[in-house]
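What follows is the content of my_file_25.pdb, which has PDB, C-alpha atoms, pLDDT in the B column:
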ATOM      1  CA  MET L   6       0.000   0.000   0.000  1.00 54.00           C
ATOM      2  CA  PRO L   7       1.459   3.409  -0.969  1.00 54.00           C
ATOM      3  CA  LYS L   8       2.427   5.789   1.819  1.00 62.00           C
ATOM      4  CA  LYS L   9      -0.220   8.460   2.432  1.00 66.00           C
ATOM      5  CA  VAL L  10       1.294  11.934   2.060  1.00 67.00           C
ATOM      6  CA  ASP L  11      -0.134  14.996   3.769  1.00 79.00           C
ATOM      7  CA  ARG L  12      -0.136  17.552   0.942  1.00 82.00           C
ATOM      8  CA  GLN L  13      -0.453  20.542   3.287  1.00 82.00           C
ATOM      9  CA  GLU L  14       2.408  19.269   5.446  1.00 86.00           C
ATOM     10  CA  ARG L  15       4.682  18.895   2.403  1.00 85.00           C
ATOM     11  CA  ARG L  16       3.762  22.311   1.076  1.00 84.00           C
ATOM     12  CA  THR L  17       4.503  23.811   4.508  1.00 83.00           C
ATOM     13  CA  LEU L  18       7.862  21.998   4.641  1.00 86.00           C
ATOM     14  CA  ILE L  19       8.746  23.532   1.286  1.00 87.00           C
ATOM     15  CA  ALA L  20       7.449  26.967   2.328  1.00 83.00           C
ATOM     16  CA  ASP L  21       9.564  26.829   5.499  1.00 85.00           C
ATOM     17  CA  ALA L  22      12.610  26.043   3.350  1.00 88.00           C
ATOM     18  CA  LEU L  23      11.767  28.962   1.058  1.00 84.00           C
ATOM     19  CA  MET L  24      11.555  31.245   4.086  1.00 81.00           C
ATOM     20  CA  ARG L  25      14.936  30.066   5.372  1.00 83.00           C
ATOM     21  CA  VAL L  26      16.516  30.745   1.977  1.00 84.00           C
ATOM     22  CA  ALA L  27      14.808  34.153   1.736  1.00 78.00           C
ATOM     23  CA  ALA L  28      15.736  35.115   5.314  1.00 75.00           C
ATOM     24  CA  ASP L  29      19.358  34.023   4.949  1.00 79.00           C
ATOM     25  CA  GLN L  30      20.096  35.037   1.344  1.00 80.00           C
ATOM     26  CA  GLY L  31      17.251  37.276   0.150  1.00 73.00           C
ATOM     27  CA  LEU L  32      14.466  36.571  -2.294  1.00 71.00           C
ATOM     28  CA  GLU L  33      16.777  36.799  -5.272  1.00 73.00           C
ATOM     29  CA  ALA L  34      18.344  33.532  -4.078  1.00 75.00           C
ATOM     30  CA  VAL L  35      14.991  31.754  -4.016  1.00 80.00           C
ATOM     31  CA  SER L  36      14.800  29.182  -6.777  1.00 83.00           C
ATOM     32  CA  LEU L  37      13.234  25.753  -7.018  1.00 84.00           C
ATOM     33  CA  ARG L  38      16.711  24.226  -6.751  1.00 87.00           C
ATOM     34  CA  HIS L  39      17.737  26.234  -3.659  1.00 88.00           C
ATOM     35  CA  VAL L  40      14.417  25.640  -1.925  1.00 88.00           C
ATOM     36  CA  ALA L  41      14.565  21.913  -2.681  1.00 89.00           C
ATOM     37  CA  ALA L  42      18.072  21.714  -1.215  1.00 90.00           C
ATOM     38  CA  ALA L  43      17.006  23.604   1.925  1.00 90.00           C
ATOM     39  CA  ALA L  44      13.985  21.313   2.324  1.00 89.00           C
ATOM     40  CA  GLY L  45      16.023  18.175   1.710  1.00 91.00           C
ATOM     41  CA  VAL L  46      13.813  17.112  -1.205  1.00 90.00           C
ATOM     42  CA  SER L  47      14.181  16.909  -4.976  1.00 90.00           C
ATOM     43  CA  SER L  48      13.439  19.808  -7.325  1.00 89.00           C
ATOM     44  CA  GLY L  49      10.811  17.557  -8.881  1.00 89.00           C
ATOM     45  CA  MET L  50       8.981  17.315  -5.562  1.00 88.00           C
ATOM     46  CA  VAL L  51       8.955  21.102  -5.222  1.00 87.00           C
ATOM     47  CA  GLN L  52       7.542  21.361  -8.751  1.00 88.00           C
ATOM     48  CA  HIS L  53       4.930  18.733  -7.898  1.00 87.00           C
ATOM     49  CA  TYR L  54       3.527  20.923  -5.113  1.00 86.00           C
ATOM     50  CA  PHE L  55       4.155  24.339  -6.680  1.00 84.00           C
ATOM     51  CA  ARG L  56       3.919  24.839 -10.426  1.00 84.00           C
ATOM     52  CA  THR L  57       5.594  28.256 -10.346  1.00 82.00           C
ATOM     53  CA  LYS L  58       7.831  30.335  -8.127  1.00 78.00           C
ATOM     54  CA  ASP L  59       4.970  32.827  -7.697  1.00 78.00           C
ATOM     55  CA  GLU L  60       2.696  30.059  -6.408  1.00 82.00           C
ATOM     56  CA  MET L  61       5.389  28.942  -3.979  1.00 81.00           C
ATOM     57  CA  MET L  62       5.959  32.533  -2.815  1.00 79.00           C
ATOM     58  CA  ALA L  63       2.241  33.165  -2.274  1.00 78.00           C
ATOM     59  CA  PHE L  64       1.931  30.036  -0.157  1.00 80.00           C
ATOM     60  CA  ALA L  65       4.986  30.970   1.935  1.00 78.00           C
ATOM     61  CA  LEU L  66       3.519  34.434   2.536  1.00 78.00           C
ATOM     62  CA  ASP L  67       0.331  32.742   3.762  1.00 81.00           C
ATOM     63  CA  VAL L  68       2.421  30.697   6.213  1.00 81.00           C
ATOM     64  CA  VAL L  69       4.052  33.881   7.598  1.00 80.00           C
ATOM     65  CA  ARG L  70       0.652  35.547   7.830  1.00 83.00           C
ATOM     66  CA  ASP L  71      -0.785  32.551   9.709  1.00 87.00           C
ATOM     67  CA  ARG L  72       2.138  32.540  12.165  1.00 86.00           C
ATOM     68  CA  ASN L  73       1.654  36.245  12.832  1.00 88.00           C
ATOM     69  CA  GLN L  74      -2.067  35.724  13.355  1.00 92.00           C
ATOM     70  CA  VAL L  75      -1.422  32.984  15.909  1.00 94.00           C
ATOM     71  CA  ARG L  76       1.090  35.171  17.783  1.00 93.00           C
ATOM     72  CA  VAL L  77      -1.287  38.143  17.850  1.00 94.00           C
ATOM     73  CA  THR L  78      -4.275  36.035  18.896  1.00 95.00           C
ATOM     74  CA  GLU L  79      -2.306  34.472  21.762  1.00 96.00           C
ATOM     75  CA  ALA L  80      -0.926  37.845  22.912  1.00 96.00           C
ATOM     76  CA  LEU L  81      -4.361  39.476  22.863  1.00 95.00           C
ATOM     77  CA  ALA L  82      -5.938  36.541  24.704  1.00 96.00           C
ATOM     78  CA  ARG L  83      -3.488  37.140  27.558  1.00 96.00           C
ATOM     79  CA  LEU L  84      -4.954  40.642  27.974  1.00 95.00           C
ATOM     80  CA  GLY L  85      -8.310  39.244  29.069  1.00 94.00           C
ATOM     81  CA  GLU L  86     -11.711  40.430  27.973  1.00 93.00           C
ATOM     82  CA  ARG L  87     -12.174  43.970  26.708  1.00 93.00           C
ATOM     83  CA  PRO L  88      -8.701  45.432  27.117  1.00 95.00           C
ATOM     84  CA  PRO L  89      -8.420  49.204  26.673  1.00 95.00           C
ATOM     85  CA  PRO L  90      -7.943  50.114  22.983  1.00 96.00           C
ATOM     86  CA  ARG L  91      -4.492  51.622  23.564  1.00 96.00           C
ATOM     87  CA  LEU L  92      -3.235  48.451  25.280  1.00 96.00           C
ATOM     88  CA  LEU L  93      -4.817  46.273  22.600  1.00 96.00           C
ATOM     89  CA  LEU L  94      -3.087  48.230  19.807  1.00 97.00           C
ATOM     90  CA  ARG L  95       0.267  48.333  21.607  1.00 97.00           C
ATOM     91  CA  THR L  96       0.147  44.604  22.231  1.00 97.00           C
ATOM     92  CA  MET L  97      -0.871  43.810  18.670  1.00 96.00           C
ATOM     93  CA  ILE L  98       1.804  46.016  17.085  1.00 97.00           C
ATOM     94  CA  ALA L  99       4.548  44.976  19.503  1.00 97.00           C
ATOM     95  CA  THR L 100       3.734  41.342  18.738  1.00 95.00           C
ATOM     96  CA  LEU L 101       4.097  41.979  15.010  1.00 94.00           C
ATOM     97  CA  LEU L 102       7.402  43.841  15.338  1.00 95.00           C
ATOM     98  CA  PRO L 103      10.598  41.810  14.828  1.00 94.00           C
ATOM     99  CA  LEU L 104      11.823  42.210  18.412  1.00 94.00           C
ATOM    100  CA  ASP L 105      13.491  38.810  18.896  1.00 89.00           C
ATOM    101  CA  GLU L 106      15.346  36.292  16.748  1.00 83.00           C
ATOM    102  CA  HIS L 107      12.247  34.235  15.926  1.00 80.00           C
ATOM    103  CA  THR L 108      10.172  37.213  14.836  1.00 86.00           C
ATOM    104  CA  ARG L 109      13.171  38.739  13.024  1.00 86.00           C
ATOM    105  CA  ALA L 110      13.342  35.695  10.742  1.00 79.00           C
ATOM    106  CA  ASP L 111       9.652  36.059   9.861  1.00 80.00           C
ATOM    107  CA  GLY L 112      10.125  39.825   9.574  1.00 84.00           C
ATOM    108  CA  ARG L 113      12.942  39.440   7.033  1.00 81.00           C
ATOM    109  CA  VAL L 114      10.752  37.152   4.970  1.00 78.00           C
ATOM    110  CA  ALA L 115       7.751  39.478   5.214  1.00 80.00           C
ATOM    111  CA  LEU L 116       9.886  42.435   4.133  1.00 82.00           C
ATOM    112  CA  ALA L 117      11.251  40.455   1.201  1.00 77.00           C
ATOM    113  CA  PHE L 118       7.702  39.535   0.173  1.00 78.00           C
ATOM    114  CA  LEU L 119       6.618  43.143   0.410  1.00 80.00           C
ATOM    115  CA  ALA L 120       9.368  44.060  -2.044  1.00 79.00           C
ATOM    116  CA  TYR L 121       8.350  41.088  -4.196  1.00 77.00           C
ATOM    117  CA  THR L 122       4.745  42.309  -4.389  1.00 79.00           C
ATOM    118  CA  ALA L 123       5.917  45.774  -5.453  1.00 81.00           C
ATOM    119  CA  VAL L 124       6.750  44.369  -8.889  1.00 80.00           C
ATOM    120  CA  ARG L 125       3.981  41.741  -9.089  1.00 77.00           C
ATOM    121  CA  PRO L 126       0.535  43.368  -9.013  1.00 76.00           C
ATOM    122  CA  THR L 127      -1.312  40.049  -8.764  1.00 75.00           C
ATOM    123  CA  ALA L 128       0.657  39.098  -5.660  1.00 72.00           C
ATOM    124  CA  ALA L 129      -0.076  42.513  -4.148  1.00 76.00           C
ATOM    125  CA  SER L 130      -3.869  42.334  -4.514  1.00 77.00           C
ATOM    126  CA  ALA L 131      -4.367  40.127  -1.435  1.00 73.00           C
ATOM    127  CA  LEU L 132      -2.112  42.416   0.614  1.00 79.00           C
ATOM    128  CA  ARG L 133      -4.133  45.484  -0.403  1.00 84.00           C
ATOM    129  CA  GLU L 134      -7.331  43.902   0.906  1.00 85.00           C
ATOM    130  CA  GLU L 135      -5.689  42.794   4.147  1.00 86.00           C
ATOM    131  CA  THR L 136      -4.152  46.233   4.658  1.00 88.00           C
ATOM    132  CA  ALA L 137      -7.538  47.901   4.172  1.00 92.00           C
ATOM    133  CA  GLN L 138      -9.082  45.538   6.743  1.00 93.00           C
ATOM    134  CA  LEU L 139      -6.275  46.211   9.217  1.00 93.00           C
ATOM    135  CA  VAL L 140      -6.592  49.989   8.780  1.00 95.00           C
ATOM    136  CA  GLY L 141     -10.348  49.675   9.350  1.00 96.00           C
ATOM    137  CA  PHE L 142      -9.825  47.622  12.514  1.00 95.00           C
ATOM    138  CA  ILE L 143      -7.265  50.064  13.921  1.00 96.00           C
ATOM    139  CA  ALA L 144      -9.410  53.079  12.973  1.00 97.00           C
ATOM    140  CA  GLY L 145     -12.282  51.601  14.978  1.00 96.00           C
ATOM    141  CA  LEU L 146     -10.124  51.714  18.110  1.00 96.00           C
ATOM    142  CA  LEU L 147      -8.815  55.264  17.777  1.00 96.00           C
ATOM    143  CA  PRO L 148     -10.362  58.293  19.535  1.00 94.00           C
ATOM    144  CA  SER L 149      -9.635  60.523  16.590  1.00 89.00           C
ATOM    145  CA  ARG L 150     -11.233  63.057  14.281  1.00 92.00           C
ATOM    146  CA  ASN L 151      -9.604  61.342  11.326  1.00 95.00           C
ATOM    147  CA  PRO L 152      -9.306  57.690  12.393  1.00 96.00           C
ATOM    148  CA  ASP L 153      -8.587  56.282   8.918  1.00 96.00           C
ATOM    149  CA  ALA L 154      -5.607  58.585   8.369  1.00 96.00           C
ATOM    150  CA  ASP L 155      -4.336  58.017  11.906  1.00 97.00           C
ATOM    151  CA  ALA L 156      -4.717  54.247  11.501  1.00 97.00           C
ATOM    152  CA  ALA L 157      -2.806  54.356   8.214  1.00 96.00           C
ATOM    153  CA  GLY L 158      -0.087  56.375   9.943  1.00 96.00           C
ATOM    154  CA  LEU L 159       0.135  53.909  12.823  1.00 97.00           C
ATOM    155  CA  LEU L 160       0.399  51.017  10.377  1.00 95.00           C
ATOM    156  CA  ALA L 161       3.108  52.879   8.433  1.00 95.00           C
ATOM    157  CA  LEU L 162       4.959  53.502  11.708  1.00 97.00           C
ATOM    158  CA  MET L 163       4.813  49.781  12.472  1.00 96.00           C
ATOM    159  CA  GLU L 164       6.233  48.894   9.056  1.00 93.00           C
ATOM    160  CA  GLY L 165       8.963  51.529   9.345  1.00 95.00           C
ATOM    161  CA  LEU L 166       9.914  50.373  12.835  1.00 97.00           C
ATOM    162  CA  GLY L 167      10.087  46.821  11.481  1.00 95.00           C
ATOM    163  CA  VAL L 168      12.514  47.897   8.764  1.00 94.00           C
ATOM    164  CA  TYR L 169      14.698  49.793  11.268  1.00 96.00           C
ATOM    165  CA  LEU L 170      14.702  46.836  13.664  1.00 96.00           C
ATOM    166  CA  LEU L 171      15.675  44.440  10.883  1.00 92.00           C
ATOM    167  CA  GLY L 172      18.396  46.783   9.660  1.00 91.00           C
ATOM    168  CA  GLY L 173      19.791  47.257  13.159  1.00 94.00           C
ATOM    169  CA  GLN L 174      19.189  51.018  13.208  1.00 97.00           C
ATOM    170  CA  TYR L 175      16.823  50.682  16.202  1.00 97.00           C
ATOM    171  CA  THR L 176      16.934  48.530  19.284  1.00 96.00           C
ATOM    172  CA  ALA L 177      13.776  46.926  20.628  1.00 96.00           C
ATOM    173  CA  ASP L 178      13.619  49.597  23.350  1.00 96.00           C
ATOM    174  CA  GLN L 179      13.903  52.412  20.802  1.00 97.00           C
ATOM    175  CA  ALA L 180      11.179  50.911  18.621  1.00 97.00           C
ATOM    176  CA  LEU L 181       8.809  50.388  21.535  1.00 97.00           C
ATOM    177  CA  GLY L 182       9.564  53.928  22.741  1.00 97.00           C
ATOM    178  CA  ALA L 183       8.615  55.322  19.319  1.00 97.00           C
ATOM    179  CA  LEU L 184       5.433  53.228  19.308  1.00 97.00           C
ATOM    180  CA  ASP L 185       4.506  54.452  22.789  1.00 97.00           C
ATOM    181  CA  ALA L 186       5.153  58.072  21.782  1.00 96.00           C
ATOM    182  CA  GLN L 187       2.803  57.718  18.803  1.00 96.00           C
ATOM    183  CA  LEU L 188       0.147  56.033  20.922  1.00 97.00           C
ATOM    184  CA  ASP L 189       0.509  58.891  23.442  1.00 96.00           C
ATOM    185  CA  LEU L 190      -0.223  61.351  20.633  1.00 95.00           C
ATOM    186  CA  LEU L 191      -3.284  59.391  19.547  1.00 95.00           C
ATOM    187  CA  PHE L 192      -4.711  58.511  22.967  1.00 94.00           C
ATOM    188  CA  GLY L 193      -3.200  61.182  25.177  1.00 88.00           C
ATOM    189  CA  SER L 194      -0.277  60.622  27.496  1.00 79.00           C
ATOM    190  CA  PRO L 195      -0.944  58.091  30.217  1.00 68.00           C
ATOM    191  CA  ALA L 196      -0.706  59.280  33.806  1.00 54.00           C
ATOM    192  CA  ARG L 197       2.892  59.147  35.011  1.00 49.00           C
ATOM    193  CA  PRO L 198       3.707  58.050  38.578  1.00 43.00           C
TER
END

Just give me the structure as structure tokens.
Amino acid sequence: MPKKVDRQERRTLIADALMRVAADQGLEAVSLRHVAAAAGVSSGMVQHYFRTKDEMMAFALDVVRDRNQVRVTEALARLGERPPPRLLLRTMIATLLPLDEHTRADGRVALAFLAYTAVRPTAASALREETAQLVGFIAGLLPSRNPDADAAGLLALMEGLGVYLLGGQYTADQALGALDAQLDLLFGSPARP
């Protein structure tokens, strides 16, 4: 009897290999051959699960997105029911920032994918929809006259802080300080002891 193969598990194995190659060497190094070597499988197996590099890249981006969603969901659950909006936003954004080695690896991949989508409009369409949903969610939490613009600014700050963290220009403390300063502007400064 032939061995039963879990298609999703194999695709995830290959996507993880793609992310290791992209994180270590950049997206330009991603090829079927390099990904196959990193996954410890044949190029033919990679081609069996992904017909094109774009298909492989889209799946890997979904894996990163799912990991981020799990991290955010777990972090927000620790806040309990109905946390204050400022705390909810700080927790969500801090969880998404590449503040440790594990999140830096995902952050490098996410940044590489963002650059990848800049030249591939079809790959960018899903990100546009997700970004609009995220801006809408954040705007709903802000006590602002112009919540959509402020939400877009907060999201842009998060992305910029991520780039500076990945590039080593900011430490985790500096990034969190900048985030807190922006949240102070949006929500008012918290009472100081």

For this session: Please work out which residues fall within 12 Å of (11.3, 27.1, 4.1), coordinates as given in the file, with all atoms listed in the file counting, and return them as an MDAnalysis selection string.
Result: chainID L and resid 14:29 32 35:37 39:46 51 61:62 64:66 68:69 110:111 114

Exercise. Closest to L:Leu93 among L:Thr78, L:Thr108, L:Asn73, L:Ser194, using only C-alpha atoms?
Worked result: L:Thr78

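In this structure, atom CA of L:Arg150 sits 20.0 Å away from atom CA of L:Leu92.
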
For this session: Could you tell me which of L:Val140, L:Thr176, L:Leu171, L:Arg87 comes closest to L:Pro152 if we count all atoms listed in the file?
Result: L:Val140

Exercise. Which residue, L:Val124, L:Leu104, L:Met97, L:Leu170, has the smallest gap to L:Phe142 when you use all atoms listed in the file?
Worked result: L:Met97

For this session: Give as a ChimeraX atom specification every residue, naming chains and numbers as the document does, that has an atom within 9 Å of (-4.0, 53.4, 4.9), counting only C-alpha atoms.
Result: /L:136-137,139-141,153-161

Exercise. Please, what distance in Å, to one decimal, runs between atom CA of L:Gly31 and atom CA of L:Leu119?
Worked result: 12.1 Å

Because the input lacks atoms here, generate N, CA and C atoms for stretch 154-178 of chain L and report them as a PDB file, in the coordinates of the input.
ATOM      1  N   ALA L 154      -6.950  58.051   8.617  1.00 96.00           N
ATOM      2  CA  ALA L 154      -5.607  58.585   8.369  1.00 96.00           C
ATOM      3  C   ALA L 154      -4.675  58.236   9.531  1.00 96.00           C
ATOM      4  N   ASP L 155      -5.174  58.344  10.751  1.00 97.00           N
ATOM      5  CA  ASP L 155      -4.336  58.017  11.906  1.00 97.00           C
ATOM      6  C   ASP L 155      -4.015  56.521  11.938  1.00 97.00           C
ATOM      7  N   ALA L 156      -4.963  55.694  11.544  1.00 97.00           N
ATOM      8  CA  ALA L 156      -4.717  54.247  11.501  1.00 97.00           C
ATOM      9  C   ALA L 156      -3.683  53.918  10.430  1.00 97.00           C
ATOM     10  N   ALA L 157      -3.797  54.570   9.278  1.00 96.00           N
ATOM     11  CA  ALA L 157      -2.806  54.356   8.214  1.00 96.00           C
ATOM     12  C   ALA L 157      -1.423  54.796   8.683  1.00 96.00           C
ATOM     13  N   GLY L 158      -1.363  55.896   9.414  1.00 96.00           N
ATOM     14  CA  GLY L 158      -0.087  56.375   9.943  1.00 96.00           C
ATOM     15  C   GLY L 158       0.503  55.416  10.968  1.00 96.00           C
ATOM     16  N   LEU L 159      -0.338  54.861  11.823  1.00 97.00           N
ATOM     17  CA  LEU L 159       0.135  53.909  12.823  1.00 97.00           C
ATOM     18  C   LEU L 159       0.644  52.631  12.154  1.00 97.00           C
ATOM     19  N   LEU L 160      -0.050  52.192  11.125  1.00 95.00           N
ATOM     20  CA  LEU L 160       0.399  51.017  10.377  1.00 95.00           C
ATOM     21  C   LEU L 160       1.720  51.301   9.656  1.00 95.00           C
ATOM     22  N   ALA L 161       1.849  52.500   9.092  1.00 95.00           N
ATOM     23  CA  ALA L 161       3.108  52.879   8.433  1.00 95.00           C
ATOM     24  C   ALA L 161       4.242  52.963   9.455  1.00 95.00           C
ATOM     25  N   LEU L 162       3.954  53.468  10.649  1.00 97.00           N
ATOM     26  CA  LEU L 162       4.959  53.502  11.708  1.00 97.00           C
ATOM     27  C   LEU L 162       5.416  52.087  12.044  1.00 97.00           C
ATOM     28  N   MET L 163       4.468  51.167  12.168  1.00 96.00           N
ATOM     29  CA  MET L 163       4.813  49.781  12.472  1.00 96.00           C
ATOM     30  C   MET L 163       5.739  49.199  11.403  1.00 96.00           C
ATOM     31  N   GLU L 164       5.396  49.417  10.144  1.00 93.00           N
ATOM     32  CA  GLU L 164       6.233  48.894   9.056  1.00 93.00           C
ATOM     33  C   GLU L 164       7.616  49.531   9.078  1.00 93.00           C
ATOM     34  N   GLY L 165       7.673  50.839   9.293  1.00 95.00           N
ATOM     35  CA  GLY L 165       8.963  51.529   9.345  1.00 95.00           C
ATOM     36  C   GLY L 165       9.811  51.061  10.522  1.00 95.00           C
ATOM     37  N   LEU L 166       9.182  50.883  11.681  1.00 97.00           N
ATOM     38  CA  LEU L 166       9.914  50.373  12.835  1.00 97.00           C
ATOM     39  C   LEU L 166      10.449  48.972  12.548  1.00 97.00           C
ATOM     40  N   GLY L 167       9.640  48.164  11.851  1.00 95.00           N
ATOM     41  CA  GLY L 167      10.087  46.821  11.481  1.00 95.00           C
ATOM     42  C   GLY L 167      11.330  46.863  10.613  1.00 95.00           C
ATOM     43  N   VAL L 168      11.349  47.765   9.656  1.00 94.00           N
ATOM     44  CA  VAL L 168      12.514  47.897   8.764  1.00 94.00           C
ATOM     45  C   VAL L 168      13.741  48.334   9.568  1.00 94.00           C
ATOM     46  N   TYR L 169      13.567  49.318  10.459  1.00 96.00           N
ATOM     47  CA  TYR L 169      14.698  49.793  11.268  1.00 96.00           C
ATOM     48  C   TYR L 169      15.196  48.725  12.242  1.00 96.00           C
ATOM     49  N   LEU L 170      14.290  47.934  12.790  1.00 96.00           N
ATOM     50  CA  LEU L 170      14.702  46.836  13.664  1.00 96.00           C
ATOM     51  C   LEU L 170      15.486  45.793  12.879  1.00 96.00           C
ATOM     52  N   LEU L 171      14.992  45.445  11.704  1.00 92.00           N
ATOM     53  CA  LEU L 171      15.675  44.440  10.883  1.00 92.00           C
ATOM     54  C   LEU L 171      17.030  44.927  10.407  1.00 92.00           C
ATOM     55  N   GLY L 172      17.132  46.217  10.124  1.00 91.00           N
ATOM     56  CA  GLY L 172      18.396  46.783   9.660  1.00 91.00           C
ATOM     57  C   GLY L 172      19.369  47.096  10.784  1.00 91.00           C
ATOM     58  N   GLY L 173      18.920  46.993  12.026  1.00 94.00           N
ATOM     59  CA  GLY L 173      19.791  47.257  13.159  1.00 94.00           C
ATOM     60  C   GLY L 173      19.912  48.725  13.518  1.00 94.00           C
ATOM     61  N   GLN L 174      19.122  49.600  12.867  1.00 97.00           N
ATOM     62  CA  GLN L 174      19.189  51.018  13.208  1.00 97.00           C
ATOM     63  C   GLN L 174      18.511  51.319  14.542  1.00 97.00           C
ATOM     64  N   TYR L 175      17.526  50.494  14.931  1.00 97.00           N
ATOM     65  CA  TYR L 175      16.823  50.682  16.202  1.00 97.00           C
ATOM     66  C   TYR L 175      16.967  49.430  17.042  1.00 97.00           C
ATOM     67  N   THR L 176      17.028  49.645  18.345  1.00 96.00           N
ATOM     68  CA  THR L 176      16.934  48.530  19.284  1.00 96.00           C
ATOM     69  C   THR L 176      15.449  48.300  19.576  1.00 96.00           C
ATOM     70  N   ALA L 177      15.161  47.205  20.243  1.00 96.00           N
ATOM     71  CA  ALA L 177      13.776  46.926  20.628  1.00 96.00           C
ATOM     72  C   ALA L 177      13.244  48.044  21.522  1.00 96.00           C
ATOM     73  N   ASP L 178      14.062  48.519  22.457  1.00 96.00           N
ATOM     74  CA  ASP L 178      13.619  49.597  23.350  1.00 96.00           C
ATOM     75  C   ASP L 178      13.314  50.876  22.581  1.00 96.00           C
TER      76      ASP L 178
END
